[in-house]
2 protein chains.
Amino acid sequence: MTTIHEVAEAAGVSISTVSYALSGKRPVSEKTRRRIEDAVQTLGYEPDAGARMLAGRRTQIFGLTEPLRADTHAPTHMAFVLATAVAARRRGYDILLLTDEQASEGMNRVAASNLVDAILVLDVAPDDERAEIARSLRSPTVFIGIPDDAHGLTCVDLDFEGAGHLAVDRLADAGHTSVTLLGQTAVSYRKSNFPRRLLLGVQDRAAQRGVDLDWATTGDTTTDASAVRAAAELALSRGVRAFIVHAVGDVHEALLETLAAHGLSVGEDVSVISAAASFDTSSLAVPIDTIPLIPQKSCELAVDLAVRHLEEPGAPAQIHLIPPEYHSAGSVAPARE
Amino acid sequence: MTTIHEVAEAAGVSISTVSYALSGKRPVSEKTRRRIEDAVQTLGYEPDAGARMLAGRRTQIFGLTEPLRADTHAPTHMAFVLATAVAARRRGYDILLLTDEQASEGMNRVAASNLVDAILVLDVAPDDERAEIARSLRSPTVFIGIPDDAHGLTCVDLDFEGAGHLAVDRLADAGHTSVTLLGQTAVSYRKSNFPRRLLLGVQDRAAQRGVDLDWATTGDTTTDASAVRAAAELALSRGVRAFIVHAVGDVHEALLETLAAHGLSVGEDVSVISAAASFDTSSLAVPIDTIPLIPQKSCELAVDLAVRHLEEPGAPAQIHLIPPEYHSAGSVAPARE
DNA sequence: CGCGGTCATCGAAACGCTTCGACGACTGCC
DNA sequence: GGCAGTCGTCGAAGCGTTTCGATGACCGCG
């Protein structure tokens with residue numbers, strides 16, 4: 001294993017000069033630095049992680065807790081994990097997985113042993129036990145998602161309420177007076193927080209704008225295409241011609257099929273908005289207006305916040321809501337009499 | 001932060017005694033150990049990871065490389081990641097995620113910096129570039145899956161060929177003379193290795209047993225229910241009454257629906273075996289005989305192998321095939337004339 | 001009683017890096 | 001020509017463990 005000593009010797013300088021040349025924390029002359037860089041190259045030097053942690057009191061590792069409950073939607077979850085890993089890597093951090101049954105043990109352990117510089121929390125539940133732990137930890141902790149009691153926590157998430165407002169506004173602006181929200185599974189309204197926040201935003205704004213709102217879940221614990229079809233049929237029979245969908249791809253497809261079966265053309269006879277979808281809605285049979293939930297955005301912001309808290313330890317904990325964006329694809333039609 | 005010094009002081013012993021008491025590498029008297037354990041408890045001592053790495057030349061971390069290609073089946077992949085993390089944790093190791101676009105960079109980096117004790121490789125491709133890197137690394141590396149050139153590598157996987165043999169044998173034993181294999185997506189036969197190995201096993205044994213074999217992929221890049229239905233229809237029209245399914249849950253459901261539509265009862269009129277499914281087939285509408293692919297088994301074995309290579313550095317690299325198990329559920333019927 | 005042998009404990013030397021204070025060599029100014 | 005101020009570099013002190021060799025206490029034996 002090649003050490004900083006060997007690099008120093010090869011370059012004819014002291015080890016501290018090598019360290020400074022590589023970290024850039026003190027100026028090093030052009031000539032010297034080049035010699036050092038050459039030595040690093042030819043020797044294939046890579047600093048020892050353990051030594052660096054010990055001396056530098058930085059590990060360049062973030063812990064990522066993900067409970068991975070049975071009802072977690074795997075593709076979405078994976079997108080978040082991946083996005084986090086990529087964002088962290090870009091800032092020079094690696095990701096240590098904390099998938100313990102009891103997230104508490106893992107968080108306490110890695111924090112107490114200084115294995116990680118900060119902890120990122122995924123798949124946040126309303127009554128998440130990790131909230132309490134995060135408050136007791138000295139390591140910066142960033143939640144991607146918002147627990148009920150977010151007091152003293154740093155959180156990042158899409159502004160689901162705002163997304164709900166935006167969706168209703170667009171439909172109301174188009175003249176629709178009754179709207180149906182096809183939501184998530186029933187269980188996710190209990191185990192997660194964001195579906196409720198979107199629902200709240202939709203209800204809220206619907207009331208303000210005088211829009212009739214129906215709301216249906218799309219299955220009990222798992223998405224159920226027949227439940228979606230039934231809900232859609234019911235809505236259509238009541239004359240509803242505007243839908244907000246907050247669900248996975250399958251639900252969109254089931255809805256579109258049902259609409260097609262009725263001879264209704266999306267963007268002409270009927271309006272559809274996909275709210276907070278984390279998959280690519282452009283691969284659907286029909287282009288759909290979308291207010292996307294972009295994992296990359298949340299995760300990048302989360303990583304940025306973690307880094308910031310590391311750099312300025314005084315930084316206040318607060319909730320960061322990412323403003324919703326509306327991507328038009330022509331699926332909202334003016335209401336007909 | 002509490003250090004080993006404070007523990008030593010509190011217990012009235014030297015730090016080396018504390019270290020030995022905690023590691024058990026040298027005998028410590030009952031009395032002393034209890035005092036030390038008490039001090040550890042009350043002070044909430046947790047050894048510093050960096051210091052431990054530096055002094056002990058062990059990090060207690062495994063790297064996990066997962067390329068996460070677009071065509072990766074997320075739920076299956078997640079099951080493997082989770083199983084690996086759990087198995088590693090049980091042996092006292094944490095998992096560091098290596099999701100880099102170029103896995104090479106990450107593997108080299110973490111190995112060179114001694115960040116990990118060993119590397120586990122997931123989602124192995126036939127021409128996987130990580131094979132070459134693994135050979136050049138000093139860190140033990142274990143592949144979960146088998147690349148084309150496995151020379152000099154330690155690999156773990158289900159015996160897919162054996163699973164193919166087993167499936168055909170069961171159907172042939174039941175008197176079936178023609179069988180259809182509903183395989184994976186077309187792309188996975190190029191990008192992965194295991195679908196080919198299962199196919200090979202099936203073809204092989206079918207030839208030996210004089211069984212007519214048809215083979216259909218279940219979509220191009222992604223599973224396509226209509227392709228499954230078409231393949232099933234075709235097979236049925238040719239009089240085939242025996243199916244081997246190597247695919248995700250949706251494919252099973254599409255097949256079962258098609259069979260039901262023809263008024264065929266599984267386990268009476270028609271035989272179905274699910275080969276190498278990594279999900280729970282008992283949640284299907286009809287109980288299906290299954291030769292399961294159990295992520296826990298592969299991942300536990302992989303972790304065990306990594307640990308073994310760490311303990312006895314001389315251990316030879318070899319391929320470990322997990323023998324297939326046949327779980328009967330009554331879905332194989334005797335062939336009719 | 002003294003001697004070799006356990007057993008439990010201790011002191012000190014790594015491990016490879018970061019960082020602080022100091023120092024010499026210049027430069028430019030009075 | 002001497003002095004303050006830069007700039008680049010160096011030596012050494014940690015960082016918190018593990019681990020090796022040594023030491024002292026105690027035991028049983030001749």
# chains A, B, ... in the order shown; residues from 1 in each chain; ligands from 1

$ residues_around --residues "DT9 in chain D" --least-positions-apart "6" --cutoff "10 Å" --atoms "only C-alpha atoms (C1' of nucleotides)" --output "VMD selection string"
(chain A and resid 13 to 14 16 to 17 28 to 29) or (chain C and resid 23 to 24)

$ write_last_selection --atoms "C-alpha atoms (C1' of nucleotides)" --output "PDB file, in the first residue's frame"
ATOM      1  CA  VAL A  13       9.067  17.149  -0.101  1.00  0.00           C
ATOM      2  CA  SER A  14       7.643  16.663   3.374  1.00  0.00           C
ATOM      3  CA  SER A  16       2.682  18.000   5.127  1.00  0.00           C
ATOM      4  CA  THR A  17       3.414  19.607   1.801  1.00  0.00           C
ATOM      5  CA  VAL A  28       1.857  25.202  -2.749  1.00  0.00           C
ATOM      6  CA  SER A  29       4.047  26.360  -5.575  1.00  0.00           C
TER       7      SER A  29
ATOM      8  C1'  DC C  23      11.153  29.003   9.950  1.00  0.00           C
ATOM      9  C1'  DG C  24      13.969  30.337   6.003  1.00  0.00           C
TER      10       DG C  24
END

$ residues_around --residues "range 6-14 of chain C" --least-positions-apart "2" --cutoff "12 Å" --atoms "only C-alpha atoms (C1' of nucleotides)" --output "PDB file with N, CA and C atoms (P, O5', C5', C4', C3', O3' and C1' of nucleotides), in the first residue's frame"
ATOM      1  N   ALA B   8     -11.315   3.595  30.418  1.00  0.00           N
ATOM      2  CA  ALA B   8     -10.235   3.006  31.206  1.00  0.00           C
ATOM      3  C   ALA B   8     -10.135   3.684  32.568  1.00  0.00           C
ATOM      4  N   GLY B  12     -10.762   2.167  36.126  1.00  0.00           N
ATOM      5  CA  GLY B  12      -9.515   2.045  36.874  1.00  0.00           C
ATOM      6  C   GLY B  12      -8.539   1.050  36.284  1.00  0.00           C
ATOM      7  N   VAL B  13      -8.519   0.968  34.954  1.00  0.00           N
ATOM      8  CA  VAL B  13      -7.573   0.065  34.293  1.00  0.00           C
ATOM      9  C   VAL B  13      -6.897   0.808  33.144  1.00  0.00           C
ATOM     10  N   SER B  14      -6.011   0.143  32.455  1.00  0.00           N
ATOM     11  CA  SER B  14      -5.348   0.773  31.314  1.00  0.00           C
ATOM     12  C   SER B  14      -6.197   0.589  30.056  1.00  0.00           C
ATOM     13  N   ILE B  15      -5.900   1.389  29.053  1.00  0.00           N
ATOM     14  CA  ILE B  15      -6.702   1.305  27.844  1.00  0.00           C
ATOM     15  C   ILE B  15      -6.538  -0.031  27.140  1.00  0.00           C
ATOM     16  N   SER B  16      -5.363  -0.624  27.265  1.00  0.00           N
ATOM     17  CA  SER B  16      -5.201  -1.906  26.574  1.00  0.00           C
ATOM     18  C   SER B  16      -6.095  -2.960  27.208  1.00  0.00           C
ATOM     19  N   THR B  17      -6.252  -2.890  28.504  1.00  0.00           N
ATOM     20  CA  THR B  17      -7.146  -3.841  29.158  1.00  0.00           C
ATOM     21  C   THR B  17      -8.577  -3.660  28.658  1.00  0.00           C
ATOM     22  N   VAL B  18      -8.967  -2.404  28.499  1.00  0.00           N
ATOM     23  CA  VAL B  18     -10.312  -2.147  27.969  1.00  0.00           C
ATOM     24  C   VAL B  18     -10.444  -2.764  26.588  1.00  0.00           C
ATOM     25  N   SER B  19      -9.454  -2.503  25.755  1.00  0.00           N
ATOM     26  CA  SER B  19      -9.499  -3.030  24.400  1.00  0.00           C
ATOM     27  C   SER B  19      -9.618  -4.557  24.410  1.00  0.00           C
ATOM     28  N   TYR B  20      -8.806  -5.197  25.252  1.00  0.00           N
ATOM     29  CA  TYR B  20      -8.859  -6.655  25.301  1.00  0.00           C
ATOM     30  C   TYR B  20     -10.171  -7.154  25.873  1.00  0.00           C
ATOM     31  N   ALA B  21     -10.684  -6.449  26.855  1.00  0.00           N
ATOM     32  CA  ALA B  21     -11.962  -6.873  27.438  1.00  0.00           C
ATOM     33  C   ALA B  21     -13.063  -6.819  26.385  1.00  0.00           C
ATOM     34  N   ARG B  26      -7.692 -11.288  24.478  1.00  0.00           N
ATOM     35  CA  ARG B  26      -6.861 -11.814  25.552  1.00  0.00           C
ATOM     36  C   ARG B  26      -7.742 -11.955  26.779  1.00  0.00           C
ATOM     37  N   PRO B  27      -7.428 -12.903  27.646  1.00  0.00           N
ATOM     38  CA  PRO B  27      -8.278 -13.095  28.824  1.00  0.00           C
ATOM     39  C   PRO B  27      -8.228 -11.895  29.762  1.00  0.00           C
ATOM     40  N   VAL B  28      -9.375 -11.565  30.306  1.00  0.00           N
ATOM     41  CA  VAL B  28      -9.490 -10.488  31.289  1.00  0.00           C
ATOM     42  C   VAL B  28     -10.312 -11.059  32.443  1.00  0.00           C
ATOM     43  N   SER B  29      -9.917 -10.753  33.647  1.00  0.00           N
ATOM     44  CA  SER B  29     -10.612 -11.350  34.793  1.00  0.00           C
ATOM     45  C   SER B  29     -12.075 -10.920  34.839  1.00  0.00           C
ATOM     46  N   GLU B  30     -12.884 -11.796  35.328  1.00  0.00           N
ATOM     47  CA  GLU B  30     -14.316 -11.575  35.440  1.00  0.00           C
ATOM     48  C   GLU B  30     -14.624 -10.218  36.075  1.00  0.00           C
ATOM     49  N   LYS B  31     -13.973  -9.959  37.186  1.00  0.00           N
ATOM     50  CA  LYS B  31     -14.224  -8.748  37.954  1.00  0.00           C
ATOM     51  C   LYS B  31     -13.918  -7.496  37.121  1.00  0.00           C
ATOM     52  N   THR B  32     -12.732  -7.495  36.544  1.00  0.00           N
ATOM     53  CA  THR B  32     -12.308  -6.344  35.746  1.00  0.00           C
ATOM     54  C   THR B  32     -13.251  -6.118  34.571  1.00  0.00           C
ATOM     55  N   ARG B  33     -13.595  -7.217  33.923  1.00  0.00           N
ATOM     56  CA  ARG B  33     -14.441  -7.062  32.753  1.00  0.00           C
ATOM     57  C   ARG B  33     -15.771  -6.435  33.116  1.00  0.00           C
ATOM     58  N   LEU B  54      -7.878   2.420  11.309  1.00  0.00           N
ATOM     59  CA  LEU B  54      -6.455   2.702  11.165  1.00  0.00           C
ATOM     60  C   LEU B  54      -5.613   1.685  11.935  1.00  0.00           C
ATOM     61  N   ALA B  55      -5.973   1.467  13.170  1.00  0.00           N
ATOM     62  CA  ALA B  55      -5.172   0.580  14.007  1.00  0.00           C
ATOM     63  C   ALA B  55      -5.431  -0.884  13.681  1.00  0.00           C
ATOM     64  N   GLY B  56      -6.683  -1.210  13.426  1.00  0.00           N
ATOM     65  CA  GLY B  56      -7.041  -2.619  13.264  1.00  0.00           C
ATOM     66  C   GLY B  56      -6.958  -3.127  11.845  1.00  0.00           C
ATOM     67  N   ARG B  57      -6.781  -2.226  10.903  1.00  0.00           N
ATOM     68  CA  ARG B  57      -6.748  -2.578   9.483  1.00  0.00           C
ATOM     69  C   ARG B  57      -7.965  -3.416   9.093  1.00  0.00           C
TER      70      ARG B  57
ATOM     71  P    DG C   4      14.312 -20.856  37.418  1.00  0.00           P
ATOM     72  O5'  DG C   4      13.011 -21.459  36.738  1.00  0.00           O
ATOM     73  C5'  DG C   4      12.926 -22.869  36.506  1.00  0.00           C
ATOM     74  C4'  DG C   4      11.491 -23.242  36.204  1.00  0.00           C
ATOM     75  C3'  DG C   4      10.937 -22.597  34.931  1.00  0.00           C
ATOM     76  O3'  DG C   4      10.117 -23.558  34.265  1.00  0.00           O
ATOM     77  C1'  DG C   4       9.638 -21.894  36.798  1.00  0.00           C
ATOM     78  P    DG C  16       0.378   2.408   7.482  1.00  0.00           P
ATOM     79  O5'  DG C  16      -0.239   3.813   7.058  1.00  0.00           O
ATOM     80  C5'  DG C  16      -1.604   3.881   6.717  1.00  0.00           C
ATOM     81  C4'  DG C  16      -2.044   5.326   6.728  1.00  0.00           C
ATOM     82  C3'  DG C  16      -1.180   6.253   5.875  1.00  0.00           C
ATOM     83  O3'  DG C  16      -2.053   7.013   5.078  1.00  0.00           O
ATOM     84  C1'  DG C  16      -1.423   7.133   8.037  1.00  0.00           C
TER      85       DG C  16
ATOM     86  P    DT D  17     -11.606   5.094  21.009  1.00  0.00           P
ATOM     87  O5'  DT D  17     -11.325   3.700  20.316  1.00  0.00           O
ATOM     88  C5'  DT D  17     -10.095   3.061  20.508  1.00  0.00           C
ATOM     89  C4'  DT D  17      -9.667   2.425  19.234  1.00  0.00           C
ATOM     90  C3'  DT D  17      -9.138   1.038  19.458  1.00  0.00           C
ATOM     91  O3'  DT D  17      -9.995   0.089  18.863  1.00  0.00           O
ATOM     92  C1'  DT D  17      -7.468   2.453  18.455  1.00  0.00           C
ATOM     93  P    DT D  18      -9.868  -1.420  19.387  1.00  0.00           P
ATOM     94  O5'  DT D  18      -8.468  -1.897  18.775  1.00  0.00           O
ATOM     95  C5'  DT D  18      -8.343  -2.098  17.382  1.00  0.00           C
ATOM     96  C4'  DT D  18      -6.944  -2.593  17.073  1.00  0.00           C
ATOM     97  C3'  DT D  18      -6.602  -3.949  17.680  1.00  0.00           C
ATOM     98  O3'  DT D  18      -5.905  -4.689  16.682  1.00  0.00           O
ATOM     99  C1'  DT D  18      -5.013  -2.349  18.372  1.00  0.00           C
ATOM    100  P    DT D  19      -5.689  -6.265  16.806  1.00  0.00           P
ATOM    101  O5'  DT D  19      -4.192  -6.363  17.305  1.00  0.00           O
ATOM    102  C5'  DT D  19      -3.192  -5.613  16.623  1.00  0.00           C
ATOM    103  C4'  DT D  19      -1.885  -5.706  17.371  1.00  0.00           C
ATOM    104  C3'  DT D  19      -1.684  -7.010  18.145  1.00  0.00           C
ATOM    105  O3'  DT D  19      -0.334  -7.394  17.992  1.00  0.00           O
ATOM    106  C1'  DT D  19      -1.399  -5.205  19.586  1.00  0.00           C
ATOM    107  P    DC D  20       0.083  -8.921  18.034  1.00  0.00           P
ATOM    108  O5'  DC D  20       1.646  -8.787  18.302  1.00  0.00           O
ATOM    109  C5'  DC D  20       2.358  -7.644  17.794  1.00  0.00           C
ATOM    110  C4'  DC D  20       3.414  -7.212  18.789  1.00  0.00           C
ATOM    111  C3'  DC D  20       4.012  -8.371  19.592  1.00  0.00           C
ATOM    112  O3'  DC D  20       5.417  -8.287  19.579  1.00  0.00           O
ATOM    113  C1'  DC D  20       3.189  -6.699  21.064  1.00  0.00           C
ATOM    114  P    DG D  21       6.268  -9.590  19.991  1.00  0.00           P
ATOM    115  O5'  DG D  21       7.030  -9.045  21.277  1.00  0.00           O
ATOM    116  C5'  DG D  21       7.584  -7.727  21.254  1.00  0.00           C
ATOM    117  C4'  DG D  21       7.759  -7.244  22.675  1.00  0.00           C
ATOM    118  C3'  DG D  21       8.387  -8.273  23.623  1.00  0.00           C
ATOM    119  O3'  DG D  21       9.435  -7.640  24.339  1.00  0.00           O
ATOM    120  C1'  DG D  21       6.358  -7.450  24.535  1.00  0.00           C
ATOM    121  P    DA D  22      10.227  -8.392  25.507  1.00  0.00           P
ATOM    122  O5'  DA D  22       9.551  -7.697  26.784  1.00  0.00           O
ATOM    123  C5'  DA D  22       9.424  -6.275  26.804  1.00  0.00           C
ATOM    124  C4'  DA D  22       8.875  -5.847  28.152  1.00  0.00           C
ATOM    125  C3'  DA D  22       9.475  -6.606  29.346  1.00  0.00           C
ATOM    126  O3'  DA D  22       9.652  -5.685  30.417  1.00  0.00           O
ATOM    127  C1'  DA D  22       7.133  -6.895  29.317  1.00  0.00           C
ATOM    128  P    DT D  23      10.542  -6.096  31.722  1.00  0.00           P
ATOM    129  O5'  DT D  23       9.506  -5.830  32.896  1.00  0.00           O
ATOM    130  C5'  DT D  23       8.483  -4.828  32.759  1.00  0.00           C
ATOM    131  C4'  DT D  23       7.439  -5.089  33.814  1.00  0.00           C
ATOM    132  C3'  DT D  23       7.961  -5.838  35.041  1.00  0.00           C
ATOM    133  O3'  DT D  23       7.449  -5.237  36.208  1.00  0.00           O
ATOM    134  C1'  DT D  23       6.089  -6.944  34.172  1.00  0.00           C
ATOM    135  P    DG D  24       8.250  -5.351  37.590  1.00  0.00           P
ATOM    136  O5'  DG D  24       7.055  -5.633  38.593  1.00  0.00           O
ATOM    137  C5'  DG D  24       5.788  -5.035  38.366  1.00  0.00           C
ATOM    138  C4'  DG D  24       4.691  -5.932  38.906  1.00  0.00           C
ATOM    139  C3'  DG D  24       5.068  -6.692  40.188  1.00  0.00           C
ATOM    140  O3'  DG D  24       3.960  -6.649  41.066  1.00  0.00           O
ATOM    141  C1'  DG D  24       4.339  -8.208  38.551  1.00  0.00           C
ATOM    142  P    DA D  25       4.084  -7.027  42.581  1.00  0.00           P
ATOM    143  O5'  DA D  25       2.871  -8.057  42.738  1.00  0.00           O
ATOM    144  C5'  DA D  25       1.630  -7.770  42.092  1.00  0.00           C
ATOM    145  C4'  DA D  25       0.795  -9.038  42.058  1.00  0.00           C
ATOM    146  C3'  DA D  25       0.929  -9.900  43.314  1.00  0.00           C
ATOM    147  O3'  DA D  25      -0.367 -10.338  43.694  1.00  0.00           O
ATOM    148  C1'  DA D  25       1.489 -11.180  41.399  1.00  0.00           C
ATOM    149  P    DC D  26      -0.618 -11.017  45.123  1.00  0.00           P
ATOM    150  O5'  DC D  26      -0.794 -12.536  44.710  1.00  0.00           O
ATOM    151  C5'  DC D  26      -1.681 -12.880  43.642  1.00  0.00           C
ATOM    152  C4'  DC D  26      -1.341 -14.261  43.144  1.00  0.00           C
ATOM    153  C3'  DC D  26      -1.134 -15.294  44.259  1.00  0.00           C
ATOM    154  O3'  DC D  26      -2.137 -16.292  44.153  1.00  0.00           O
ATOM    155  C1'  DC D  26       0.486 -15.505  42.543  1.00  0.00           C
ATOM    156  P    DC D  27      -2.359 -17.324  45.367  1.00  0.00           P
ATOM    157  O5'  DC D  27      -1.871 -18.671  44.676  1.00  0.00           O
ATOM    158  C5'  DC D  27      -2.426 -19.077  43.413  1.00  0.00           C
ATOM    159  C4'  DC D  27      -1.571 -20.172  42.842  1.00  0.00           C
ATOM    160  C3'  DC D  27      -1.210 -21.257  43.846  1.00  0.00           C
ATOM    161  O3'  DC D  27      -1.975 -22.438  43.558  1.00  0.00           O
ATOM    162  C1'  DC D  27       0.668 -20.611  42.498  1.00  0.00           C
ATOM    163  P    DG D  28      -1.934 -23.645  44.642  1.00  0.00           P
ATOM    164  O5'  DG D  28      -0.794 -24.574  44.021  1.00  0.00           O
ATOM    165  C5'  DG D  28      -0.853 -24.940  42.647  1.00  0.00           C
ATOM    166  C4'  DG D  28       0.441 -25.616  42.252  1.00  0.00           C
ATOM    167  C3'  DG D  28       0.829 -26.805  43.154  1.00  0.00           C
ATOM    168  O3'  DG D  28       1.345 -27.840  42.336  1.00  0.00           O
ATOM    169  C1'  DG D  28       2.562 -25.205  43.187  1.00  0.00           C
TER     170       DG D  28
END

$ interface_residues --of "chain A" --to "chain B" --cutoff "9 Å" --atoms "only C-alpha atoms" --output "ChimeraX atom specification"
/A:1,44-55,57,59,61,68,73-78,82,85-86,89,94-101,109-110,112-115

$ residues_around --residues "Leu181 in chain B" --least-positions-apart "2" --cutoff "12 Å" --atoms "only C-alpha atoms (C1' of nucleotides)" --output "PyMOL selection string"
chain B and resi 164+167-168+171+178-179+183-184+195+198-203+206+211-218+228+231-232+235+240-247+251-252+255+271-275

$ select_by_dssp --residues "range 3-174 of chain A" --states "strand (DSSP E)" --output "list of chain:residue names"
A:Ile61, A:Phe62, A:Gly63, A:Leu64, A:Thr65, A:Asp94, A:Ile95, A:Leu96, A:Leu97, A:Leu98, A:Ala118, A:Ile119, A:Leu120, A:Val121, A:Thr141, A:Val142, A:Phe143, A:Ile144, A:Thr154, A:Cys155, A:Val156, A:Asp157, A:Leu158

$ atom_distance --atom1 "C1' of DA13 in chain D" --atom2 "CA of Thr3 in chain A"
19.3 Å
